[in-house]
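Visitor: Once you've had a glance at the structure underneath, I'll fire off some questions.
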Amino acid sequence: MNKMFAVFKREYLQAVRRKIFVIMTFLFPFLMSGIMLLPGLLISRGMGEKRIAVLDGTGKLREAFARPNENARPDAKKEAQETLRGRRSGPELPSQLNIDYQDKQGANLDAEAKPYFARLASKKSDKLDGIFVIPANSVDPKSDAQLTYYSRSSTDVVTQERLSRLTNKYIQRLRFAANGISPETIASLTTEVPIEGVQLSSSGEQKKGGEANLFMAFIFAALLILPSFIYGNEIMRGIVQEKSERVVEVLVSSMTPEQLLGGKILGVAAVGLTQISVWIIMGSLVAGYGAATAAMAGFNIGQFLRPMIFVWFFIFFLLAYLTYVCIYAIAGSVCNSEREAQQMIAPITMIMMLPWFLMFPIIMNPDSTLAVGFSLSPVFAPITMFVRTLVSEVPPWHIAVAIGVSLVTIAVFIWMTAKIFRVGILSYGKRPTLPELWRWLKVA
Amino acid sequence: MADILAVRGVRKTFGDVRAVDGVSFTVRRGTITGLLGRNGAGKTTTIRMITGIFMPDSGEIVWLGDDNGLPFRDRIGYLPEERGLYKQMKVVEHLFFLAEIKGRRNADVKQSIDKWLERFELTDKRDSKVEELSKGNQQKVQLIGTLLHDPDLIILDEPQSGLDPVNMVLVRKLLTELRGEGKTILLSTHMMGEAERMADEIVLIHRGQVVLEGSLDAVRSSAGKNTLHIDFDGDGGFLQHLPNVRRAAIGHNSAELSLVEGADPQLILQESIGRLRIRRFELASPSLEEIFIEKVGTETLQHDEVTR
């Protein structure tokens with residue numbers, strides 16, 4: 001036990017003193033909060049400014065473009081949320097529109113538009129991002145008029161949509177007014193009804209803000225899974241290094257491989273916990289601001305962070321960590337260089353990360369066959385089950401089975417790792433093939 | 001003197017390779033025992049079984065020294081052939097760690113570290129990182145790590161490999177001293193000359209089996225006195241073609257001729273005298289290397305010119 005502690009102490013102190021640890025520990029929260037706060041900032045500021053020339057052939061729509069950004073904000077919020085949910089791939093975040101309205105009633109629009117087209121490509125301050133042409137007969141309900149938006153990129157769909165909405169809304173008003181309906185009546189008739197998602201639990205408790213859950217589920221899933229991979233990698237690196245620097249033989253002549261492996265795994269786990277603790281402390285310092293930003297974006301963090309979540313997080317974090325770390329330890333002990341180990345571990349990592357790649361369908365349908373299957377199967381159980389507890393009401397026996405399956409998996413993995421480790425750490429030269437590994441398991 | 005360790009019929013197979021095939025020998029307290037054999041003979045595997053890194057497939061390894069309550073593996077100091085240190089650690093930290101994994105973690109260890117660092121003239125390097133040390137100094141640190149916990153049995157696997165000449169002399173001196181203090185040393189080497197110089201007892205291993213065991217003196221005298229050791233100036237190439245020479249190992253300025261039974265050395269001296277300038281001409285026991293070749297045949301054996 002004292003020997004395991006010696007290894008534990010060495011692993012911990014050496015890791016914690018490294019510059020990269022200090023940098024990561026204090027920089028990561030800023031990176032993370034940057035990612036979290038970015039949507040909020042984007043929502044309040046927008047993605048820069050777009051200069052649009054509007055050539056209005058009807059001459060009646062000046063008012064439609066008087067306050068082009070007023071309605072943009074709620075839409076922007078929706079778009080930001082959709083981006084976070086992964087529904088939108090690109091950064092189609094909204095911009096501030098700067099409208100240059102030109103009353104072109106009675107003019108030949110084709111001819112009038114020409115000088116503006118030249119300004120699309122201009123490098124000078126009169127540069128335009130888009131030209132929006134409204135034909136003279138647009139207001140006439142029986143016409144086949146078509147609005148046209150010219151821009152440099154055909155993918156600027158967001159701006160096109162916004163311009164279309166602004167114009168059509170006003171044209172509809174004009175048409176209503178032409179039929180003798182008063183402006184007040186129009187305003188009251190065209191009010192939109194807002195929509196909200198409510199999650200109903202089996203106990204009948206109602207939870208609002210499903211979108212917030214979605215967003216937070218991703219963050220928590222990342223917090224659960226990333227450290228396992230980062231520190232697993234760290235253990236692999238350490239073992240390969242001990243091999244390549246030929247330290248390992250003295251170690252295994254002084255203690256059992258199990259003591260060595262145990263000390264390493266626990267030492268690195270302690271490093272991870274230290275780091276996460278620092279992050280939690282720093283996180284709680286900025287929590288106020290974060291919560292405010294989130295609230296601005298419409299997320300109610302308070303209702304999401306139930307105390308049980310932290311219990312599940314702790315349990316499933318440990319289960320995930322111990323599962324993954326064994327795989328990395330095996331890779332480290334059978335390889336001779338870090339590069340070789342990385343190559344070997346890469347495809348395995350892809351398989352282990354399967355639940356992460358399927359995170360969206362799992363979060364969207366936490367009680368589907370896919371999600372339940374993953375949450376009850378070895379290796380995938382910890383992360384999938386944790387995510388299910390976040391967004392759904394999971395039957396207790398599901399959780400019990402997931403924990404049981406994970407514990408058995410870990411026991412088998414640790415047994416395998418210890419055996420392969422014992423043989424692997426002293427074998428230099430060619431990497432063993434799978435059949436050879438199988439023999440090691442039986443021999444050692 | 002009493003035995004401290006007995007290796008009894010140990011076997012170890014890796015896949016189809018029988019690395020160690022029924023090896024038995026004992027190590028007497030207070031001696032330097034040379035474990036000899038060419039590369040791949042099974043020396044390192046035997047040592048790894050003694051140090052508990054491998055479990056033997058069959059056979060047993062028994063500690064016969066007195067029982068002071070410490071586990072067997074904590075009473076061994078082991079310098080493996082494959083050796084290295086954590087490059088990022090400070091010397092003093094590293095030494096403390098090496099003592100800790102041998103179960104020593106008290107104030108004595110600190111004193112002991114200081115004592116050894118001073119002896120190896122490393123006191124001013126105690127707070128340097130290992131990677132900042134010269135190769136020779138790193139080797140010294142490793143050697144201190146092997147001895148720090150005051151082991152009863154010191155096992156050195158090919159200690160010469162990677163050692164610079166200065167450190168080699170230092171190791172030899174140290175081993176002799178340690179033997180004088182009553183420590184027991186098991187020294188594995190493929191360099192027969194080294195063993196001849198240091199060992200009291202030898203265990204010769206070939207293809208996983210012990211082919212010769214006993215005290216160096218006994219082994220040599222049992223081989224008889226029909227070997228000529230000649231030192232000379234000139235080209236000694238012709239010596240191997242002389243009559244009555246069974247086998248010859250001819251170096252740059254020396255030769256070892258093993259003669260057929262009943263041959264007269266005088267004839268060889270007469271033949272040589274006109275062609276070489278003789279500096280030494282001695283009829284004696286064969287060298288360990290000759291004995292070894294005699295035992296296992298003339299399979300390639302690395303000539304250890306370096307250690308002469």
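Naming works like this for the structure tokens: A, B, ... for the chains as they're shown, residue 1 at the start of each chain, ligands 1 onward in shown order.
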Name the residues in contact with Pro115 of chain A at a cut-off of 12 Å, using only C-alpha atoms, excluding same-chain residues fewer than 4 positions from it; report them as an NGL selection string.
Guide: :A and (53 or 55 or 109-111 or 119-122 or 126-128 or 131)
Visitor: Emit the selected residues as a CSV table (one decimal), in the first residue's frame, including C-alpha atoms.
Guide:
chain,number,residue,atom,x,y,z
A,53,ALA,CA,-29.6,49.2,-50.5
A,55,LEU,CA,-34.7,50.1,-54.2
A,109,LEU,CA,-35.6,49.7,-61.7
A,110,ASP,CA,-33.3,47.7,-64.0
A,111,ALA,CA,-31.5,50.9,-65.0
A,119,ARG,CA,-20.9,48.9,-55.3
A,120,LEU,CA,-21.2,45.2,-54.3
A,121,ALA,CA,-17.7,44.6,-55.5
A,122,SER,CA,-16.4,48.0,-54.3
A,126,ASP,CA,-19.5,52.9,-50.3
A,127,LYS,CA,-19.4,49.1,-50.4
A,128,LEU,CA,-22.7,47.3,-50.2
A,131,ILE,CA,-29.3,45.1,-52.9
Visitor: Would you give me, as a PDB file with C-alpha atoms, in the first residue's frame, the residues of chain A that come within 10 Å of chain B, using only C-alpha atoms?
Guide:
ATOM      1  CA  MET A   1       0.000   0.000   0.000  1.00  0.00           C
ATOM      2  CA  ASN A   2       2.886   2.332   0.835  1.00  0.00           C
ATOM      3  CA  LYS A   3       4.430   1.573  -2.536  1.00  0.00           C
ATOM      4  CA  MET A   4       1.197   2.367  -4.331  1.00  0.00           C
ATOM      5  CA  PHE A   5       1.109   5.606  -2.387  1.00  0.00           C
ATOM      6  CA  ALA A   6       4.683   6.393  -3.460  1.00  0.00           C
ATOM      7  CA  VAL A   7       3.653   6.007  -7.100  1.00  0.00           C
ATOM      8  CA  LYS A   9       2.424  10.801  -4.875  1.00  0.00           C
ATOM      9  CA  ARG A  10       4.999  10.905  -7.645  1.00  0.00           C
ATOM     10  CA  GLN A  14       5.028  15.651 -11.138  1.00  0.00           C
ATOM     11  CA  ARG A  18       4.113  20.950 -14.901  1.00  0.00           C
ATOM     12  CA  GLN A 241       7.587   7.246 -21.384  1.00  0.00           C
ATOM     13  CA  GLU A 242       8.501   4.908 -18.543  1.00  0.00           C
ATOM     14  CA  LYS A 243       9.077   2.229 -21.130  1.00  0.00           C
ATOM     15  CA  SER A 244      11.089   4.340 -23.514  1.00  0.00           C
ATOM     16  CA  GLU A 245      13.164   5.841 -20.718  1.00  0.00           C
ATOM     17  CA  ARG A 246      13.659   2.377 -19.287  1.00  0.00           C
ATOM     18  CA  VAL A 247      12.446   3.274 -15.822  1.00  0.00           C
ATOM     19  CA  VAL A 248       9.883   0.570 -15.620  1.00  0.00           C
ATOM     20  CA  GLU A 249      11.996  -2.446 -14.749  1.00  0.00           C
ATOM     21  CA  VAL A 250      13.170  -1.005 -11.471  1.00  0.00           C
ATOM     22  CA  LEU A 251       9.550  -0.233 -10.655  1.00  0.00           C
ATOM     23  CA  VAL A 252       8.158  -3.700 -11.307  1.00  0.00           C
ATOM     24  CA  SER A 253      11.023  -5.328  -9.433  1.00  0.00           C
ATOM     25  CA  SER A 254       9.996  -3.329  -6.385  1.00  0.00           C
ATOM     26  CA  MET A 255       6.223  -3.777  -6.502  1.00  0.00           C
ATOM     27  CA  THR A 256       3.481  -5.712  -8.206  1.00  0.00           C
ATOM     28  CA  PRO A 257       2.187  -4.407 -11.535  1.00  0.00           C
ATOM     29  CA  LEU A 260       2.079   0.351 -10.023  1.00  0.00           C
ATOM     30  CA  ARG A 422       2.734  -7.065 -16.605  1.00  0.00           C
ATOM     31  CA  VAL A 423       3.938  -8.546 -19.883  1.00  0.00           C
ATOM     32  CA  LEU A 426       8.818  -5.208 -20.384  1.00  0.00           C
ATOM     33  CA  GLU A 436      -0.531 -12.382 -29.010  1.00  0.00           C
ATOM     34  CA  ARG A 439      -1.908 -15.260 -25.160  1.00  0.00           C
ATOM     35  CA  TRP A 440      -0.572 -12.689 -22.739  1.00  0.00           C
ATOM     36  CA  VAL A 443       0.028 -16.628 -19.706  1.00  0.00           C
ATOM     37  CA  ALA A 444       0.844 -13.865 -17.295  1.00  0.00           C
TER      38      ALA A 444
END
Visitor: Mind checking DSSP for segment 135-241 of chain A and telling me the alpha helix (DSSP H) residues as a ChimeraX atom specification?
Guide: /A:157-178,183-189,210-241
Visitor: Could you give me, as a list in words, the residues within 8 Å of segment 162-167 of chain B, counting only C-alpha atoms and dropping anything in the same chain fewer than 4 positions from it?
Guide: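 The residues that qualify are Gly136, Gln139, Lys140 and Val171 of chain B.
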Visitor: Filtering to C-alpha atoms, could you give me those residues as a CSV table (one decimal), in the first residue's frame?
Guide:
chain,number,residue,atom,x,y,z
B,136,GLY,CA,28.0,9.3,-16.3
B,139,GLN,CA,24.5,6.2,-14.0
B,140,LYS,CA,25.9,7.1,-10.6
B,171,VAL,CA,31.7,0.0,-9.8
Visitor: Using Å and a single decimal, report how far atom CA of Phe316 of chain A sits from atom CA of Gln275 of chain A.
Guide: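 Atom CA of Phe316 of chain A lies at a distance of 17.7 Å from atom CA of Gln275 of chain A.
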Visitor: Which one is closest to Leu322 of chain A: A:Gln102, A:Ser277, A:Ser228, A:Thr384? Count only C-alpha atoms.
Guide: A:Ser228
Visitor: List every residue of segment 26-193 of chain B that DSSP, applied to the backbone of this structure, assigns to strand (DSSP E or B), and report them as a PyMOL selection string.
Guide: chain B and resi 26-28+32-36+58-63+76-79+90+129+153-157+184-189
Visitor: Selection from above, N, CA and C atoms, as a short mmCIF file (atom, residue, chain, number, x, y, z; two decimals), in the first residue's frame, can you write it?
Guide:
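Written file, again33.cif:
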data_model
loop_
_atom_site.label_atom_id
_atom_site.label_comp_id
_atom_site.auth_asym_id
_atom_site.auth_seq_id
_atom_site.Cartn_x
_atom_site.Cartn_y
_atom_site.Cartn_z
N THR B 26 22.92 -21.89 -6.15
CA THR B 26 22.76 -21.17 -4.90
C THR B 26 23.75 -20.01 -4.86
N VAL B 27 23.40 -19.02 -4.06
CA VAL B 27 24.27 -17.87 -3.90
C VAL B 27 24.69 -17.82 -2.44
N ARG B 28 26.01 -17.81 -2.22
CA ARG B 28 26.50 -17.80 -0.84
C ARG B 28 26.63 -16.38 -0.33
N ILE B 32 30.76 -12.57 -4.33
CA ILE B 32 30.32 -12.06 -5.61
C ILE B 32 30.14 -13.27 -6.51
N THR B 33 28.89 -13.49 -6.93
CA THR B 33 28.63 -14.63 -7.80
C THR B 33 28.41 -14.12 -9.21
N GLY B 34 29.19 -14.67 -10.13
CA GLY B 34 29.04 -14.24 -11.52
C GLY B 34 28.07 -15.16 -12.24
N LEU B 35 27.03 -14.57 -12.83
CA LEU B 35 26.10 -15.34 -13.64
C LEU B 35 26.52 -15.11 -15.09
N LEU B 36 27.13 -16.13 -15.68
CA LEU B 36 27.77 -15.93 -16.97
C LEU B 36 27.02 -16.63 -18.10
N SER B 58 7.74 -23.22 -13.55
CA SER B 58 7.87 -24.23 -12.50
C SER B 58 9.19 -23.98 -11.79
N GLY B 59 9.37 -24.69 -10.68
CA GLY B 59 10.56 -24.47 -9.87
C GLY B 59 10.31 -23.38 -8.84
N GLU B 60 11.32 -23.13 -8.00
CA GLU B 60 11.10 -22.13 -6.96
C GLU B 60 12.37 -21.35 -6.66
N ILE B 61 12.14 -20.18 -6.09
CA ILE B 61 13.25 -19.33 -5.69
C ILE B 61 13.09 -19.08 -4.20
N VAL B 62 14.10 -19.45 -3.44
CA VAL B 62 13.93 -19.44 -1.99
C VAL B 62 14.97 -18.53 -1.35
N TRP B 63 14.51 -17.67 -0.50
CA TRP B 63 15.37 -16.80 0.29
C TRP B 63 15.84 -17.58 1.51
N ILE B 76 16.34 -6.78 -1.85
CA ILE B 76 17.18 -6.86 -3.05
C ILE B 76 17.40 -5.47 -3.61
N GLY B 77 18.62 -5.20 -4.03
CA GLY B 77 18.88 -3.98 -4.80
C GLY B 77 19.15 -4.42 -6.22
N TYR B 78 18.41 -3.88 -7.17
CA TYR B 78 18.47 -4.42 -8.53
C TYR B 78 18.82 -3.33 -9.53
N LEU B 79 19.90 -3.53 -10.24
CA LEU B 79 20.27 -2.62 -11.32
C LEU B 79 20.04 -3.37 -12.64
N LYS B 90 13.91 15.82 -9.81
CA LYS B 90 15.18 16.24 -9.21
C LYS B 90 15.88 15.01 -8.63
N LYS B 129 17.71 18.67 -12.06
CA LYS B 129 16.87 17.66 -12.69
C LYS B 129 17.76 16.59 -13.29
N LEU B 153 21.05 -8.38 -0.75
CA LEU B 153 21.49 -8.99 -1.99
C LEU B 153 21.43 -7.94 -3.10
N ILE B 154 22.55 -7.73 -3.75
CA ILE B 154 22.61 -6.74 -4.81
C ILE B 154 22.72 -7.48 -6.14
N ILE B 155 21.77 -7.22 -7.04
CA ILE B 155 21.78 -7.91 -8.33
C ILE B 155 22.07 -6.90 -9.42
N LEU B 156 23.13 -7.15 -10.16
CA LEU B 156 23.50 -6.22 -11.23
C LEU B 156 23.46 -6.98 -12.56
N ASP B 157 22.63 -6.51 -13.48
CA ASP B 157 22.52 -7.18 -14.78
C ASP B 157 23.35 -6.40 -15.80
N THR B 184 26.00 -9.47 -0.33
CA THR B 184 26.09 -10.51 -1.34
C THR B 184 25.76 -9.90 -2.70
N ILE B 185 26.53 -10.27 -3.70
CA ILE B 185 26.33 -9.65 -5.01
C ILE B 185 26.17 -10.72 -6.07
N LEU B 186 25.12 -10.57 -6.88
CA LEU B 186 24.93 -11.45 -8.03
C LEU B 186 25.15 -10.60 -9.27
N LEU B 187 26.18 -10.96 -10.02
CA LEU B 187 26.62 -10.11 -11.12
C LEU B 187 26.44 -10.87 -12.43
N SER B 188 25.55 -10.36 -13.25
CA SER B 188 25.34 -11.04 -14.53
C SER B 188 26.15 -10.36 -15.61
N THR B 189 26.85 -11.15 -16.40
CA THR B 189 27.65 -10.53 -17.46
C THR B 189 27.94 -11.53 -18.57
#
Visitor: Have a look at A:Met353, A:Leu285, A:Leu189, A:Leu61 and name the one nearest to Lys104 of chain A; count only C-alpha atoms.
Guide: A:Leu61
Visitor: Suppose you want the space between atom CA of Ile235 of chain A and atom CA of Val16 of chain A; what is it in Å?
Guide: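 The value is 13.9 Å.
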Visitor: With only C-alpha atoms as the counted atoms, please give the residues lying no more than 6 Å from Ser285 of chain B, apart from itself and same-chain residues fewer than 6 positions off, as a PyMOL selection string.
Guide: chain B and resi 220+224-225+227
Visitor: Considering only C-alpha atoms, return as a PDB file with C-alpha atoms, in the first residue's frame whatever protein or nucleic-acid residues lie within 7 Å of segment 63-67 of chain A, sequence-local ones (same chain, fewer than 3 positions apart) excluded.
Guide:
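File around.pdb, as written:
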ATOM      1  CA  GLU A  70     -36.095  45.676 -33.912  1.00  0.00           C
ATOM      2  CA  ILE A  99     -30.622  49.888 -44.629  1.00  0.00           C
ATOM      3  CA  LEU A 166     -39.999  42.940 -43.135  1.00  0.00           C
ATOM      4  CA  THR A 167     -41.377  43.678 -46.589  1.00  0.00           C
ATOM      5  CA  TYR A 170     -45.732  45.731 -44.323  1.00  0.00           C
TER       6      TYR A 170
END
Visitor: Out of A:Glu258, A:Asp129, A:Asp367, A:Glu393, which residue has the shortest atom-to-atom distance to Ile414 of chain A when counting only C-alpha atoms?
Guide: A:Glu258
